[in-house]
>>> print(open('my_file.pdb').read())   # PDB, C-alpha atoms
MODEL        1
ATOM      1  CA  MET A   1      22.444  -4.136  17.549
ATOM      2  CA  SER A   2      22.779  -2.029  20.685
ATOM      3  CA  PRO A   3      25.519   0.439  21.650
ATOM      4  CA  SER A   4      27.199  -0.914  24.770
ATOM      5  CA  ASP A   5      26.488   2.233  26.794
ATOM      6  CA  VAL A   6      22.710   1.691  26.622
ATOM      7  CA  THR A   7      22.478  -2.115  26.578
ATOM      8  CA  ASP A   8      21.858  -2.519  30.308
ATOM      9  CA  ASN A   9      19.115   0.122  30.245
ATOM     10  CA  VAL A  10      17.511  -1.548  27.238
ATOM     11  CA  LEU A  11      17.540  -4.907  29.020
ATOM     12  CA  ALA A  12      16.003  -3.376  32.114
ATOM     13  CA  ALA A  13      13.227  -1.804  30.053
ATOM     14  CA  LEU A  14      12.543  -5.050  28.184
ATOM     15  CA  ALA A  15      12.365  -6.887  31.504
ATOM     16  CA  GLY A  16       9.313  -4.779  32.290
ATOM     17  CA  ASN A  17       7.501  -6.192  29.249
ATOM     18  CA  GLN A  18       5.829  -9.458  30.268
ATOM     19  CA  GLY A  19       5.639 -10.596  26.645
ATOM     20  CA  VAL A  20       9.429 -10.649  26.130
ATOM     21  CA  VAL A  21      11.041 -14.068  26.665
ATOM     22  CA  ASN A  22      14.195 -15.976  25.692
ATOM     23  CA  VAL A  23      16.510 -12.972  25.950
ATOM     24  CA  VAL A  24      20.042 -13.544  24.619
ATOM     25  CA  VAL A  25      22.866 -11.013  25.121
ATOM     26  CA  LEU A  26      26.086 -11.224  23.109
ATOM     27  CA  ARG A  27      28.452  -8.624  24.516
ATOM     28  CA  THR A  28      30.669  -6.742  22.007
ATOM     29  CA  ALA A  29      29.642  -9.168  19.268
ATOM     30  CA  SER A  30      28.684  -6.420  16.821
ATOM     31  CA  ARG A  31      31.316  -4.692  14.689
ATOM     32  CA  ASN A  32      29.408  -2.419  12.309
ATOM     33  CA  PRO A  33      27.936  -0.745  14.254
ATOM     34  CA  ALA A  34      30.080  -1.559  17.250
ATOM     35  CA  GLY A  35      28.240  -2.772  20.320
ATOM     36  CA  ASP A  36      26.232  -5.677  21.668
ATOM     37  CA  VAL A  37      23.823  -8.052  19.984
ATOM     38  CA  LEU A  38      20.451  -8.597  21.649
ATOM     39  CA  GLU A  39      18.036 -11.301  20.624
ATOM     40  CA  PHE A  40      14.660 -12.030  22.168
ATOM     41  CA  ASP A  41      11.242 -13.445  21.404
ATOM     42  CA  VAL A  42       8.116 -11.391  21.984
ATOM     43  CA  ILE A  43       4.481 -12.387  21.732
ATOM     44  CA  THR A  44       2.426 -10.523  19.128
ATOM     45  CA  ALA A  45       0.363  -8.705  21.740
ATOM     46  CA  GLU A  46       3.474  -6.999  23.153
ATOM     47  CA  ALA A  47       5.466  -6.543  19.939
ATOM     48  CA  ASN A  48       4.456  -2.906  19.396
ATOM     49  CA  ALA A  49       5.426  -2.037  22.982
ATOM     50  CA  ALA A  50       8.784  -3.819  22.634
ATOM     51  CA  LEU A  51       9.566  -1.956  19.416
ATOM     52  CA  ALA A  52       8.601   1.331  21.053
ATOM     53  CA  THR A  53      11.101   0.530  23.817
ATOM     54  CA  LEU A  54      13.878  -0.044  21.296
ATOM     55  CA  ARG A  55      13.022   3.217  19.542
ATOM     56  CA  SER A  56      13.053   5.090  22.850
ATOM     57  CA  PHE A  57      16.737   4.176  23.192
ATOM     58  CA  GLN A  58      17.336   5.181  19.555
ATOM     59  CA  LEU A  59      18.455   1.698  18.584
ATOM     60  CA  ASP A  60      16.986   2.304  15.134
ATOM     61  CA  GLN A  61      19.370   5.284  14.806
ATOM     62  CA  ARG A  62      22.488   4.307  16.772
ATOM     63  CA  GLY A  63      22.225   0.578  16.156
ATOM     64  CA  SER A  64      19.933  -1.618  14.099
ATOM     65  CA  VAL A  65      16.649  -3.447  14.612
ATOM     66  CA  ALA A  66      15.476  -6.435  12.572
ATOM     67  CA  MET A  67      12.259  -8.424  12.988
ATOM     68  CA  GLN A  68      11.482 -11.953  11.932
ATOM     69  CA  PRO A  69       8.088 -13.619  12.458
ATOM     70  CA  GLY A  70       8.045 -16.946  14.250
ATOM     71  CA  ASP A  71       5.317 -18.949  12.558
ATOM     72  CA  ILE A  72       6.040 -22.097  14.541
ATOM     73  CA  TYR A  73       7.355 -22.204  18.102
ATOM     74  CA  LEU A  74       7.372 -24.633  20.999
ATOM     75  CA  SER A  75       7.267 -22.642  24.213
ATOM     76  CA  ALA A  76       4.920 -23.312  27.091
ATOM     77  CA  LYS A  77       5.909 -19.983  28.640
ATOM     78  CA  ALA A  78       5.025 -17.984  25.520
ATOM     79  CA  ALA A  79       1.767 -19.900  25.132
ATOM     80  CA  ALA A  80       0.864 -19.102  28.729
ATOM     81  CA  LEU A  81       1.576 -15.410  28.155
ATOM     82  CA  GLU A  82      -0.578 -15.340  25.038
ATOM     83  CA  GLY A  83      -3.357 -17.030  26.982
ATOM     84  CA  ARG A  84      -3.459 -14.098  29.414
ATOM     85  CA  GLU A  85      -3.917 -11.523  26.649
ATOM     86  CA  PRO A  86      -7.238 -10.555  25.044
ATOM     87  CA  PRO A  87      -7.680 -12.794  21.954
ATOM     88  CA  ALA A  88      -7.647  -9.773  19.627
ATOM     89  CA  ALA A  89      -4.243  -8.667  20.937
ATOM     90  CA  ASN A  90      -2.631 -11.846  19.643
ATOM     91  CA  VAL A  91      -3.623 -11.071  16.051
ATOM     92  CA  ALA A  92      -3.219  -7.286  16.159
ATOM     93  CA  PRO A  93      -1.004  -5.743  13.452
ATOM     94  CA  ILE A  94       2.598  -4.958  14.345
ATOM     95  CA  TRP A  95       2.642  -1.358  13.197
ATOM     96  CA  GLU A  96       6.363  -1.131  12.487
ATOM     97  CA  GLU A  97       5.960  -4.110  10.174
ATOM     98  CA  ALA A  98       2.789  -2.750   8.560
ATOM     99  CA  GLU A  99       4.346   0.657   7.886
ATOM    100  CA  ALA A 100       7.504  -0.972   6.544
ATOM    101  CA  ARG A 101       5.282  -2.953   4.172
ATOM    102  CA  ILE A 102       3.681   0.263   2.933
ATOM    103  CA  ARG A 103       7.028   2.055   2.653
ATOM    104  CA  SER A 104       8.366  -0.812   0.533
ATOM    105  CA  LEU A 105       5.719   0.116  -2.045
ATOM    106  CA  GLY A 106       6.984   3.716  -2.041
ATOM    107  CA  ALA A 107       9.961   3.154  -4.357
ATOM    108  CA  TYR A 108       9.522   4.538  -7.868
ATOM    109  CA  PRO A 109      12.326   3.286 -10.136
ATOM    110  CA  PRO A 110      12.011   3.579 -13.935
ATOM    111  CA  SER A 111      10.415   0.118 -14.002
ATOM    112  CA  TRP A 112       7.536   1.478 -11.884
ATOM    113  CA  HIS A 113       6.698   4.020 -14.570
ATOM    114  CA  VAL A 114       7.219   1.442 -17.326
ATOM    115  CA  LEU A 115       4.684  -0.862 -15.656
ATOM    116  CA  LEU A 116       2.189   1.992 -15.416
ATOM    117  CA  VAL A 117       2.648   2.777 -19.129
ATOM    118  CA  ILE A 118       2.257  -0.899 -20.077
ATOM    119  CA  ALA A 119      -0.865  -1.120 -17.919
ATOM    120  CA  GLY A 120      -2.213   1.955 -19.710
ATOM    121  CA  LEU A 121      -1.597   0.395 -23.137
ATOM    122  CA  ILE A 122      -3.279  -2.861 -22.084
ATOM    123  CA  ALA A 123      -6.264  -0.832 -20.899
ATOM    124  CA  ALA A 124      -6.262   1.119 -24.171
ATOM    125  CA  VAL A 125      -6.556  -2.130 -26.127
ATOM    126  CA  GLY A 126      -9.332  -3.232 -23.784
ATOM    127  CA  ILE A 127     -11.207   0.015 -24.400
ATOM    128  CA  LEU A 128     -10.886  -0.236 -28.183
ATOM    129  CA  THR A 129     -11.956  -3.882 -28.254
ATOM    130  CA  ASN A 130     -14.539  -3.610 -25.450
ATOM    131  CA  SER A 131     -12.661  -6.309 -23.534
ATOM    132  CA  GLN A 132     -13.385  -6.303 -19.815
ATOM    133  CA  ILE A 133     -10.742  -8.991 -19.317
ATOM    134  CA  LEU A 134      -8.017  -6.667 -20.593
ATOM    135  CA  ILE A 135      -9.291  -3.871 -18.338
ATOM    136  CA  VAL A 136      -8.970  -6.173 -15.332
ATOM    137  CA  ALA A 137      -5.496  -7.218 -16.504
ATOM    138  CA  ALA A 138      -4.436  -3.563 -16.723
ATOM    139  CA  MET A 139      -5.690  -2.936 -13.186
ATOM    140  CA  VAL A 140      -3.611  -5.821 -11.856
ATOM    141  CA  VAL A 141      -0.453  -4.750 -13.731
ATOM    142  CA  GLY A 142      -0.660  -1.109 -12.658
ATOM    143  CA  PRO A 143       1.472  -0.358  -9.551
ATOM    144  CA  GLU A 144      -0.191   2.961  -8.720
ATOM    145  CA  TYR A 145      -1.786   1.878  -5.441
ATOM    146  CA  GLY A 146       1.656   1.695  -3.826
ATOM    147  CA  ALA A 147       2.145   5.415  -4.469
ATOM    148  CA  ILE A 148      -1.416   6.216  -3.382
ATOM    149  CA  ILE A 149      -1.097   4.472  -0.008
ATOM    150  CA  ASN A 150       2.301   6.102   0.546
ATOM    151  CA  VAL A 151       0.727   9.523   0.063
ATOM    152  CA  SER A 152      -1.844   8.464   2.673
ATOM    153  CA  LEU A 153       0.953   7.370   5.013
ATOM    154  CA  GLY A 154       2.670  10.713   4.439
ATOM    155  CA  TRP A 155      -0.462  12.534   5.588
ATOM    156  CA  ASN A 156      -0.886  10.146   8.500
ATOM    157  CA  GLU A 157       2.706  10.642   9.669
ATOM    158  CA  HIS A 158       2.917  14.341   8.743
ATOM    159  CA  ASP A 159       5.760  13.480   6.338
ATOM    160  CA  PRO A 160       5.797  16.062   3.490
ATOM    161  CA  SER A 161       8.649  14.356   1.629
ATOM    162  CA  ARG A 162       6.709  11.071   1.394
ATOM    163  CA  ARG A 163       3.611  12.927   0.196
ATOM    164  CA  ARG A 164       5.594  14.810  -2.423
ATOM    165  CA  ALA A 165       7.388  11.696  -3.682
ATOM    166  CA  GLY A 166       4.148   9.733  -4.024
ATOM    167  CA  THR A 167       2.269  12.619  -5.644
ATOM    168  CA  ARG A 168       5.130  13.251  -8.084
ATOM    169  CA  ALA A 169       5.220   9.566  -9.047
ATOM    170  CA  LEU A 170       1.457   9.519  -9.635
ATOM    171  CA  VAL A 171       1.470  12.702 -11.732
ATOM    172  CA  ILE A 172       4.425  11.619 -13.881
ATOM    173  CA  GLY A 173       3.275   8.009 -14.130
ATOM    174  CA  PHE A 174      -0.284   8.812 -15.171
ATOM    175  CA  ALA A 175       0.945  11.523 -17.553
ATOM    176  CA  LEU A 176       3.186   8.974 -19.271
ATOM    177  CA  ALA A 177       0.359   6.422 -19.391
ATOM    178  CA  ILE A 178      -2.013   8.995 -20.903
ATOM    179  CA  ALA A 179       0.594  10.118 -23.429
ATOM    180  CA  ALA A 180       1.305   6.523 -24.455
ATOM    181  CA  SER A 181      -2.430   5.893 -24.870
ATOM    182  CA  VAL A 182      -2.794   9.016 -27.009
ATOM    183  CA  VAL A 183       0.066   7.936 -29.278
ATOM    184  CA  PHE A 184      -1.303   4.388 -29.466
ATOM    185  CA  GLY A 185      -4.780   5.688 -30.314
ATOM    186  CA  LEU A 186      -3.440   8.046 -32.993
ATOM    187  CA  VAL A 187      -1.458   5.223 -34.616
ATOM    188  CA  ILE A 188      -4.514   2.944 -34.606
ATOM    189  CA  ARG A 189      -6.639   5.742 -36.067
ATOM    190  CA  ALA A 190      -4.048   6.649 -38.723
ATOM    191  CA  LEU A 191      -3.817   3.030 -39.859
ATOM    192  CA  ASP A 192      -7.616   2.637 -39.691
ATOM    193  CA  LEU A 193      -7.291  -0.351 -37.370
ATOM    194  CA  GLN A 194      -9.959   0.630 -34.862
ATOM    195  CA  PRO A 195     -12.701  -1.979 -34.402
ATOM    196  CA  ARG A 196     -15.853  -1.089 -36.326
ATOM    197  CA  ALA A 197     -17.991  -1.326 -33.200
ATOM    198  CA  PHE A 198     -15.803   1.266 -31.475
ATOM    199  CA  GLU A 199     -15.896   3.470 -34.574
ATOM    200  CA  ALA A 200     -19.687   3.208 -34.655
ATOM    201  CA  GLY A 201     -19.884   4.412 -31.064
ATOM    202  CA  VAL A 202     -20.539   1.050 -29.434
ATOM    203  CA  ARG A 203     -18.242   1.565 -26.439
ATOM    204  CA  PRO A 204     -19.712  -0.050 -23.326
ATOM    205  CA  VAL A 205     -16.340  -0.378 -21.571
ATOM    206  CA  SER A 206     -15.381   3.213 -22.286
ATOM    207  CA  SER A 207     -18.822   4.426 -21.216
ATOM    208  CA  LEU A 208     -18.499   2.607 -17.905
ATOM    209  CA  ILE A 209     -15.143   4.288 -17.271
ATOM    210  CA  ASN A 210     -15.929   7.847 -18.340
ATOM    211  CA  THR A 211     -19.239   8.250 -16.519
ATOM    212  CA  PRO A 212     -18.416   8.641 -12.814
ATOM    213  CA  ASN A 213     -21.415   8.413 -10.514
ATOM    214  CA  VAL A 214     -22.365   7.647  -6.933
ATOM    215  CA  TYR A 215     -21.428   3.997  -7.418
ATOM    216  CA  SER A 216     -17.912   5.031  -8.394
ATOM    217  CA  VAL A 217     -17.609   6.828  -5.065
ATOM    218  CA  VAL A 218     -18.998   3.864  -3.113
ATOM    219  CA  VAL A 219     -16.630   1.374  -4.766
ATOM    220  CA  ALA A 220     -13.608   3.655  -4.334
ATOM    221  CA  CYS A 221     -14.410   4.128  -0.625
ATOM    222  CA  LEU A 222     -14.835   0.403  -0.032
ATOM    223  CA  ALA A 223     -11.684  -0.408  -2.004
ATOM    224  CA  GLY A 224      -9.770   2.155   0.047
ATOM    225  CA  VAL A 225     -10.844   0.457   3.272
ATOM    226  CA  VAL A 226      -9.924  -2.973   1.909
ATOM    227  CA  GLY A 227      -6.529  -1.667   0.787
ATOM    228  CA  VAL A 228      -5.629  -0.371   4.251
ATOM    229  CA  VAL A 229      -6.809  -3.533   5.989
ATOM    230  CA  SER A 230      -4.999  -5.830   3.539
ATOM    231  CA  LEU A 231      -1.694  -3.983   3.945
ATOM    232  CA  THR A 232      -1.807  -3.679   7.730
ATOM    233  CA  GLU A 233      -2.773  -7.327   8.086
ATOM    234  CA  ALA A 234      -0.611  -8.647   5.216
ATOM    235  CA  ARG A 235      -3.527 -10.019   3.191
ATOM    236  CA  ALA A 236      -1.947 -10.055  -0.272
ATOM    237  CA  ASN A 237      -4.839 -11.840  -1.985
ATOM    238  CA  THR A 238      -7.280  -9.236  -0.700
ATOM    239  CA  LEU A 239      -5.045  -6.432  -1.965
ATOM    240  CA  ILE A 240      -5.359  -7.778  -5.503
ATOM    241  CA  GLY A 241      -9.083  -7.180  -5.130
ATOM    242  CA  VAL A 242      -8.338  -3.490  -4.619
ATOM    243  CA  PHE A 243      -6.435  -3.377  -7.904
ATOM    244  CA  VAL A 244      -9.413  -4.753  -9.835
ATOM    245  CA  SER A 245     -12.029  -2.663  -8.037
ATOM    246  CA  VAL A 246     -10.921   0.887  -8.745
ATOM    247  CA  THR A 247     -10.873   2.667 -12.095
ATOM    248  CA  THR A 248      -7.532   4.472 -12.089
ATOM    249  CA  ILE A 249      -5.280   3.231 -14.892
ATOM    250  CA  PRO A 250      -8.289   2.422 -17.139
ATOM    251  CA  ALA A 251      -9.446   6.023 -16.680
ATOM    252  CA  ALA A 252      -5.986   7.284 -17.659
ATOM    253  CA  ALA A 253      -6.030   5.068 -20.743
ATOM    254  CA  ASP A 254      -9.519   6.240 -21.674
ATOM    255  CA  ILE A 255      -8.379   9.857 -21.490
ATOM    256  CA  GLY A 256      -5.703   9.083 -24.070
ATOM    257  CA  VAL A 257      -7.848   6.966 -26.378
ATOM    258  CA  SER A 258     -10.760   9.406 -26.257
ATOM    259  CA  ALA A 259      -8.446  12.333 -26.982
ATOM    260  CA  ALA A 260      -6.889  10.469 -29.921
ATOM    261  CA  PHE A 261     -10.346   9.955 -31.451
ATOM    262  CA  GLY A 262     -11.551  13.479 -30.653
ATOM    263  CA  SER A 263     -14.084  12.364 -28.048
ATOM    264  CA  TRP A 264     -13.432  15.231 -25.671
ATOM    265  CA  SER A 265     -16.492  14.772 -23.455
ATOM    266  CA  GLU A 266     -15.456  11.158 -22.795
ATOM    267  CA  ALA A 267     -11.900  12.289 -22.072
ATOM    268  CA  ARG A 268     -13.218  14.860 -19.593
ATOM    269  CA  GLY A 269     -15.372  12.249 -17.868
ATOM    270  CA  SER A 270     -12.424   9.870 -17.564
ATOM    271  CA  LEU A 271     -10.275  12.647 -16.110
ATOM    272  CA  ILE A 272     -12.929  13.281 -13.456
ATOM    273  CA  GLN A 273     -13.077   9.536 -12.778
ATOM    274  CA  LEU A 274      -9.287   9.354 -12.366
ATOM    275  CA  LEU A 275      -9.053  12.343 -10.030
ATOM    276  CA  LEU A 276     -12.076  11.149  -8.048
ATOM    277  CA  ASN A 277     -10.710   7.649  -7.484
ATOM    278  CA  VAL A 278      -7.173   8.726  -6.589
ATOM    279  CA  SER A 279      -8.423  11.414  -4.188
ATOM    280  CA  ILE A 280     -10.822   9.048  -2.439
ATOM    281  CA  LEU A 281      -8.174   6.343  -2.077
ATOM    282  CA  VAL A 282      -5.707   8.815  -0.555
ATOM    283  CA  VAL A 283      -8.253  10.221   1.907
ATOM    284  CA  ILE A 284      -9.662   6.827   2.903
ATOM    285  CA  GLY A 285      -6.117   5.485   3.250
ATOM    286  CA  ALA A 286      -5.092   8.265   5.642
ATOM    287  CA  ILE A 287      -8.289   7.972   7.685
ATOM    288  CA  GLY A 288      -8.097   4.184   7.638
ATOM    289  CA  LEU A 289      -4.573   4.031   9.025
ATOM    290  CA  THR A 290      -5.568   6.207  11.968
ATOM    291  CA  ALA A 291      -8.809   4.305  12.523
ATOM    292  CA  GLN A 292      -7.020   0.946  12.376
ATOM    293  CA  ARG A 293      -4.656   1.976  15.166
ATOM    294  CA  ARG A 294      -7.494   3.159  17.389
ATOM    295  CA  ILE A 295      -9.681   0.129  16.737
ATOM    296  CA  TRP A 296      -6.905  -2.391  17.412
ATOM    297  CA  ARG A 297      -5.774  -0.461  20.485
ATOM    298  CA  ARG A 298      -9.284  -0.703  21.908
ATOM    299  CA  LEU A 299      -9.718  -4.384  20.967
ATOM    300  CA  SER A 300      -6.344  -5.248  22.500
ATOM    301  CA  ARG A 301      -7.024  -3.475  25.788
ATOM    302  CA  PRO A 302      -7.259  -5.904  28.728
ATOM    303  CA  ALA A 303     -10.689  -6.195  30.265
ATOM    304  CA  THR A 304     -11.115  -4.371  33.570
TER     305      THR A 304
ENDMDL
END
>>> encode(input="my_file.pdb", output="structure tokens")
Amino acid sequence: MSPSDVTDNVLAALAGNQGVVNVVVLRTASRNPAGDVLEFDVITAEANAALATLRSFQLDQRGSVAMQPGDIYLSAKAAALEGREPPAANVAPIWEEAEARIRSLGAYPPSWHVLLVIAGLIAAVGILTNSQILIVAAMVVGPEYGAIINVSLGWNEHDPSRRRAGTRALVIGFALAIAASVVFGLVIRALDLQPRAFEAGVRPVSSLINTPNVYSVVVACLAGVVGVVSLTEARANTLIGVFVSVTTIPAAADIGVSAAFGSWSEARGSLIQLLLNVSILVVIGAIGLTAQRRIWRRLSRPAT
């Protein structure tokens, strides 16, 4: 949607982008906001430049911009244009789309906190029963990575409000998950329902969580890289691997369970594990977003 007073200038600017084809102009077709409707196809290699053009005319503020991927198309002209681009440019991320994908994970309704609490309780059961399957299930259920990567995006874009919102969600969410795990552990202890192996100190799952070491750092760093790549390139299956690679919600649950049973050294170790993993993911996320842009910009540069 383009205000009529800038439409001609927008069209002239788009004409300078060799990747823009099939331009359609519907004069005064838009009512809210009032103006013209522009439709065009653009090859992937030139999509970021086309979106930058639309932003330069403030169409995202004065009008509206919507994108829709074309998975299948029949166009000899577009195919010829793609053939002239470096191969990497045709699969490069569209950054507006990638950032919108990350921002969509930055909503924290009550259900977000409920899911984090449920994930914490699942992990608490896994810790008590030494069930690695339940620990993995808790990692998949927990939505915390959305807040973590939004904090990274806030640092990357110098957006304090996004950083504050993500940090607040993480602090409140993990606090609720820890509190729920404490209550759950106290109830289990009061009713004498704890497994005898756990009571006897046989806690391999808990020990793995509450003893951070160099391998914890390595895994968190690698998971952070995978998380950035999977979100910028829309690899949903790979993102699930991030959820099951990093000890965040299990660490929160172990803090609560250990506190409920008076195991304060284990609770302290889990707290260090939680802070370590979240901090690494945030830092790697912020660095990774910047690095991704630079790497793809270099790979997409035409050969001289």
>>> resolve_selection(input="my_file.pdb", expression="the PyMOL selection byres ((chain A and resi 136) around 10)", output="PyMOL selection string")
chain A and resi 119+122-123+126+131-135+137-141+243-247+250
>>> residues_around(input="my_file.pdb", residues="segment 143-160 of chain A", least_positions_apart="6", cutoff="6 Å", atoms="all atoms listed in the file", output="list in words")
Leu105, Gly106, Gly166, Val282, Gly285 and Ala286 of chain A
>>> write_last_selection(input="my_file.pdb", atoms="C-alpha atoms", output="compact mmCIF listing (two decimals), in the coordinates of the input")
# COMPACT_ATOMS: atom_id res chain seq x y z
CA LEU A 105 5.72 0.12 -2.04
CA GLY A 106 6.98 3.72 -2.04
CA GLY A 166 4.15 9.73 -4.02
CA VAL A 282 -5.71 8.82 -0.56
CA GLY A 285 -6.12 5.48 3.25
CA ALA A 286 -5.09 8.26 5.64
>>> closest_residue(input="my_file.pdb", among="A:Asp254, A:Val20, A:Arg163, A:Ile209", to="Arg103 of chain A", atoms="only C-alpha atoms")
A:Arg163
>>> closest_residue(input="my_file.pdb", among="A:Ala251, A:Ala124, A:Leu116, A:Ala169", to="Gln194 of chain A", atoms="only C-alpha atoms")
A:Ala124
>>> residues_near_point(input="my_file.pdb", point="(4.8, 11.7, -12.0)", cutoff="12 Å", atoms="only C-alpha atoms", output="list of chain:residue names")
A:Tyr108, A:Pro109, A:Pro110, A:Trp112, A:His113, A:Val114, A:Leu116, A:Val117, A:Glu144, A:Ala147, A:Ile148, A:Arg164, A:Ala165, A:Gly166, A:Thr167, A:Arg168, A:Ala169, A:Leu170, A:Val171, A:Ile172, A:Gly173, A:Phe174, A:Ala175, A:Leu176, A:Ala177, A:Ile178
>>> closest_residue(input="my_file.pdb", among="A:Arg293, A:Arg189, A:Arg196, A:Arg298", to="Ala259 of chain A", atoms="only C-alpha atoms")
A:Arg189
>>> resolve_selection(input="my_file.pdb", expression="the PyMOL selection byres ((chain A and resi 99) around 10)", output="list in words")
Ile94, Trp95, Glu96, Glu97, Ala98, Ala100, Arg101, Ile102, Arg103, Ser104, Asn150, Leu153, Leu231, Thr232 and Leu289 of chain A
>>> axis_aligned_box(input="my_file.pdb", around="segment 128-144 of chain A", padding_each_side="6 Å", output="lines of an AutoDock Vina configuration file")
center_x = -6.5
center_y = -3.0
center_z = -18.5
size_x = 28.0
size_y = 24.0
size_z = 31.5
>>> atom_distance(input="my_file.pdb", atom1="atom CA of Asn130 of chain A", atom2="atom CA of Ala200 of chain A")
12.6 Å
>>> resolve_selection(input="my_file.pdb", expression="the PyMOL selection byres ((chain A and resi 38) around 8)", output="VMD selection string")
chain A and resid 1 to 2 23 to 26 36 to 37 39 to 40
>>> atom_distance(input="my_file.pdb", atom1="atom CA of Leu275 of chain A", atom2="atom CA of Thr248 of chain A")
8.3 Å
>>> atom_distance(input="my_file.pdb", atom1="atom CA of Ile118 of chain A", atom2="atom CA of Ala253 of chain A")
10.2 Å
>>> closest_residue(input="my_file.pdb", among="A:Ala47, A:Asn210, A:Arg31, A:Gly142", to="Ser265 of chain A", atoms="all atoms listed in the file")
A:Asn210
>>> closest_residue(input="my_file.pdb", among="A:Ser181, A:Gln292, A:Ser30, A:Asn277", to="Leu121 of chain A", atoms="only C-alpha atoms")
A:Ser181
>>> residues_around(input="my_file.pdb", residues="Thr129 of chain A", least_positions_apart="5", cutoff="9 Å", atoms="all atoms listed in the file", output="number ranges by chain")
A: 124, 194-195, 197-198, 203, 205
>>> residues_near_point(input="my_file.pdb", point="(4.7, -6.3, 22.3)", cutoff="10 Å", atoms="only C-alpha atoms", output="list in words")
Leu14, Asn17, Gln18, Gly19, Val20, Asp41, Val42, Ile43, Thr44, Ala45, Glu46, Ala47, Asn48, Ala49, Ala50, Leu51, Ala52, Thr53, Ala89, Asn90 and Ile94 of chain A
>>> residues_around(input="my_file.pdb", residues="Phe57 of chain A", least_positions_apart="5", cutoff="10 Å", atoms="only C-alpha atoms", output="number ranges by chain")
A: 2-3, 6-7, 9-10, 13, 52, 62-63
>>> closest_residue(input="my_file.pdb", among="A:Gly256, A:Pro93, A:Gly262, A:Gly224", to="Ile280 of chain A", atoms="only C-alpha atoms")
A:Gly224
